[in-house]
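Enquirer: What follows is a structure written as structure tokens; I'll ask about it next.
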Amino acid sequence: MNQNGKTWVWVLVILAIILVIGLILVLSGVGIYNRLVGLDEGVKAAWAQVENQLQRRYDLIPNYVATVKGYAKHEREVFIQVTEARSRVGGAKTVPDKISANNDLSGALARLLVVVERYPDLKANQNFIRLQDELAGTENRIATERMRYNDQVKVYNQTIRRFPTNFIAGIFGFERAEFFEAPEAAEVPPQVEFE
């Protein structure tokens with residue numbers, strides 16, 4: 001084999017190596033992209049579950065407020081706060097806005113529960129007891145779904161920040177997801193005062 005033939009063999013070997021390395025990089029990039037898509041969909045599915053429970057609470061509140069109103073006619077300010085907070089939840093469009101509005105609603109509901117404690121007859125009313133149980137069950141479901149959502153967000157956010165996935169995430173516009181954190185008001189328990 002002459003010198004020219006050996007040169008072509010080396011050129012073909014080098015091109016084959018470059019092609020194999022390029023193919024490996026492309027397949028790795030596709031795998032990373034597909035994993036990011038799966039994680040992103042997991043976050044969206046978890047958020048949909050949170051929204052299902054938030055909607056359940058949203059639907060229960062008018063009945064709950066109407067029942068309490070019958071007993072606590074002079075607690076108008078609390079009812080207005082709950083109604084306004086519920087309205088903000090209904091108007092929220094983005095995930096951060098929905099989280100903020102629902103945190104405000106949780107605070108207003110905590111204040112409403114303080115009002116409920118002042119009326120022993122109300123706590124004995126069967127309709128109220130049933131509504132209160134439904135609302136308590138819904139709050140538990142919200143807490144569970146919020147935890148699942150936050151777990152998904154954690155995995156997703158960690159993945160898009162890790163090397164080398166962060167390059168693919170940046171190229172395709174994968175952005176960090178928002179955690180659904182408890183409102184600051186949740187750190188202080190509502191005060192119940194008996195008159």
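We name chains A, B, ... following the order of the structure tokens; residues begin at 1 in each chain, and ligands are numbered from 1 as shown.
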List as an NGL selection string the protein and nucleic acid residues near segment 127-137 of chain A, meaning an atom at most 9 Å away when only C-alpha atoms are counted, but skip any in the same chain fewer than 6 places from it.
Expert: :A and (56-57 or 60-61 or 63-64 or 67-68)
Enquirer: Could you state the separation of atom CA of Asn2 of chain A and atom CA of Leu19 of chain A in Å, given to one decimal place?
Expert: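 Computing it gives 25.9 Å between the two atoms.
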Enquirer: Mind pulling up the distance from atom CA of Asp97 of chain A to atom CA of Asn166 of chain A?
Expert: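 Separation of atom CA of Asn166 of chain A and atom CA of Asp97 of chain A: 26.6 Å.
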Enquirer: Choose the residue, out of A:Phe179, A:Val153, A:Asn140, A:Arg162, that has the smallest atom-to-atom separation from Gln53 of chain A; count only C-alpha atoms.
Expert: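 Of all the options, A:Asn140 lies closest to Gln53 of chain A.
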Enquirer: List the neighbours of Tyr71 of chain A out to 9 Å using only C-alpha atoms; skip same-chain residues closer than 2 positions along the sequence, and give me the result as a VMD selection string.
Expert: chain A and resid 67 to 69 73 to 74 116 119 121 to 122
Enquirer: Using only C-alpha atoms, which residue out of A:Ala48, A:Ala85, A:Ala16, A:Ile21 lies closest to Asp104 of chain A?
Expert: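 That would be A:Ala85, the residue with the smallest distance to Asp104 of chain A.
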Enquirer: With a distance cut-off of 10 Å and only C-alpha atoms, select the neighbouring residues of segment 78-83 of chain A, excluding the residue or stretch itself and same-chain residues fewer than 4 positions from it, and output the selection as a PyMOL selection string.
Expert: chain A and resi 61-62+65-66+68-69+72-74+87-89+104-115
Enquirer: Could you write out that same residue set with C-alpha atoms as a PDB file, in the first residue's frame?
Expert:
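The file below, again29.pdb, is the result:
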ATOM      1  CA  ILE A  61     -66.573  27.736  50.266  1.00  0.00           C
ATOM      2  CA  PRO A  62     -69.861  29.459  49.284  1.00  0.00           C
ATOM      3  CA  VAL A  65     -69.774  30.737  54.290  1.00  0.00           C
ATOM      4  CA  ALA A  66     -73.559  30.761  53.829  1.00  0.00           C
ATOM      5  CA  VAL A  68     -71.741  30.343  59.029  1.00  0.00           C
ATOM      6  CA  LYS A  69     -73.403  33.616  57.977  1.00  0.00           C
ATOM      7  CA  ALA A  72     -72.664  34.990  62.737  1.00  0.00           C
ATOM      8  CA  LYS A  73     -74.446  37.865  61.062  1.00  0.00           C
ATOM      9  CA  HIS A  74     -72.224  40.569  62.565  1.00  0.00           C
ATOM     10  CA  SER A  87     -62.550  35.812  43.866  1.00  0.00           C
ATOM     11  CA  ARG A  88     -58.774  36.313  43.514  1.00  0.00           C
ATOM     12  CA  VAL A  89     -58.370  32.536  43.245  1.00  0.00           C
ATOM     13  CA  ASP A 104     -54.500  34.356  50.759  1.00  0.00           C
ATOM     14  CA  LEU A 105     -57.608  32.168  50.729  1.00  0.00           C
ATOM     15  CA  SER A 106     -56.047  29.810  53.284  1.00  0.00           C
ATOM     16  CA  GLY A 107     -55.442  32.780  55.584  1.00  0.00           C
ATOM     17  CA  ALA A 108     -59.007  34.020  55.179  1.00  0.00           C
ATOM     18  CA  LEU A 109     -60.357  30.547  55.926  1.00  0.00           C
ATOM     19  CA  ALA A 110     -58.237  30.414  59.086  1.00  0.00           C
ATOM     20  CA  ARG A 111     -59.866  33.674  60.216  1.00  0.00           C
ATOM     21  CA  LEU A 112     -63.279  32.209  59.406  1.00  0.00           C
ATOM     22  CA  LEU A 113     -62.516  29.199  61.594  1.00  0.00           C
ATOM     23  CA  VAL A 114     -61.797  31.576  64.476  1.00  0.00           C
ATOM     24  CA  VAL A 115     -65.292  33.028  63.980  1.00  0.00           C
TER      25      VAL A 115
END
Enquirer: Tell me, as a list of chain:residue names, which residues lie within 12 Å of Arg35 of chain A, counting only C-alpha atoms; anything in the same chain fewer than 2 positions away does not count.
Expert: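 Answer for this query is A:Ser28, A:Gly29, A:Val30, A:Gly31, A:Ile32, A:Tyr33, A:Val37, A:Gly38, A:Leu39, A:Asp40, A:Glu41, A:Gly42, A:Val155, A:Tyr156, A:Thr159, A:Ile160, A:Thr165, A:Ile168, A:Ala169, A:Phe174.
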Enquirer: Smallest atom-to-atom distance to Leu54 of chain A: which of A:Glu145, A:Glu75, A:Glu84, A:Glu117, using only C-alpha atoms?
Expert: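 Counting only C-alpha atoms, the residue closest to Leu54 of chain A is A:Glu145.
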